[in-house]
Amino acid sequence: MNITMKPKVTILTNQNSVLSNFLAEIRDMDKHTDSLRFRYNLQRMAEIMAYEISKNLEYTQKNIVTPLGEALSYVVKDKIIVASILRAGLPMHTGFLNYFDTAENAFISAFRKYNKDNTFEIKFEYLSAPDITDKIVILADPMLATGASMVMAYKNLLEHGTPKFTHIASRIASKEGLEYLENNMPTDKFAVWLAALDDELTAKGYIVPGLGDAGDLAFGNKI
Ligand code: URA
């Protein structure tokens, strides 16, 4: 019998915290056109997510010498790769790096190529990554819409080794995108971290209520 393991999915707004304020602001069309604030909120949410993810890492003991003696301390043992999907993942990337000081970096470029009938395919363009073998990958993209770019990004990363575990970090996911991830990731060694899970996805692949186009809000319109 083929048993599919469901990944652990954590939706951070299921518990009250200040992260809900940041989520409200990135959704709010009266506020989110301030791109500096939009980027900063994505970054701050990634910092909170980094703290939550850090509770799942492996730690090692270290004796730290203070001016007055020695303190038995615990420091993160895992080697971390922060991998972001361009361009919307960049503010989250900064947030994760603010907490994981020695993390290595990977970047994946993917875009939606729309057909005349409004359907679209995800086109992969570029990957820059170190060896990810046995490391912890944090794969960041703020919007998990269809889930196709996240799965494609993960599969391309595998050209650089097999990670120990992958944390998929998004701000808002659609139910359809989450289901796609659960059914199409070629591994069960991953967890999903979200700020919110929304019900709908439009035919053009936008999350409803969502927030609009995260890449445009962070970095301006594209042609
Ligand atoms: N990408 C976005 O930026 N927004 C969506 O709603 C879906 C994908």
# chains A, B, ... in the order shown; residues from 1 in each chain; ligands from 1
>>> residues_near_ligand(ligand="ligand 1", cutoff="10 Å", atoms="only C-alpha atoms and all ligand atoms", output="number ranges by chain")
A: 87-88, 112, 141-147, 149, 172-174, 177, 198, 200-202, 204-218
>>> select_by_dssp(residues="region 51-208 of chain A", states="helix (DSSP H, G or I)", output="ChimeraX atom specification")
/A:51-54,90-99,148-160,175-184
>>> residues_around(residues="Ala191 (chain A)", least_positions_apart="4", cutoff="10 Å", atoms="only C-alpha atoms", output="PyMOL selection string")
chain A and resi 6-10+53+138+165-169+182
>>> closest_residue(among="A:Lys79, A:Ala203, A:Arg44, A:Ser35", to="Phe22 (chain A)", atoms="only C-alpha atoms")
A:Arg44
>>> atom_distance(atom1="CA of Asp34 (chain A)", atom2="CA of Gly220 (chain A)")
10.5 Å
>>> residues_around(residues="region 151-155 of chain A", least_positions_apart="3", cutoff="12 Å", atoms="only C-alpha atoms", output="ChimeraX atom specification")
/A:83-86,106-111,121-129,132,137-141,144-148,158-163,165-168,177-187,189-190
>>> atom_distance(atom1="CA of Ser54 (chain A)", atom2="CA of Val76 (chain A)")
8.1 Å
>>> closest_residue(among="A:Arg39, A:Val18, A:Asn156, A:Glu52", to="Leu194 (chain A)", atoms="only C-alpha atoms")
A:Glu52
>>> closest_residue(among="A:Asp199, A:Glu58, A:Asp30, A:Glu47", to="Asn98 (chain A)", atoms="only C-alpha atoms")
A:Glu47
>>> select_by_dssp(residues="region 6-132 of chain A", states="strand (DSSP E or B)", output="PyMOL selection string")
chain A and resi 8-11+59-66+69-76+80-86+104-114+120-128
>>> atom_distance(atom1="CA of Thr102 (chain A)", atom2="CA of Phe38 (chain A)")
25.9 Å
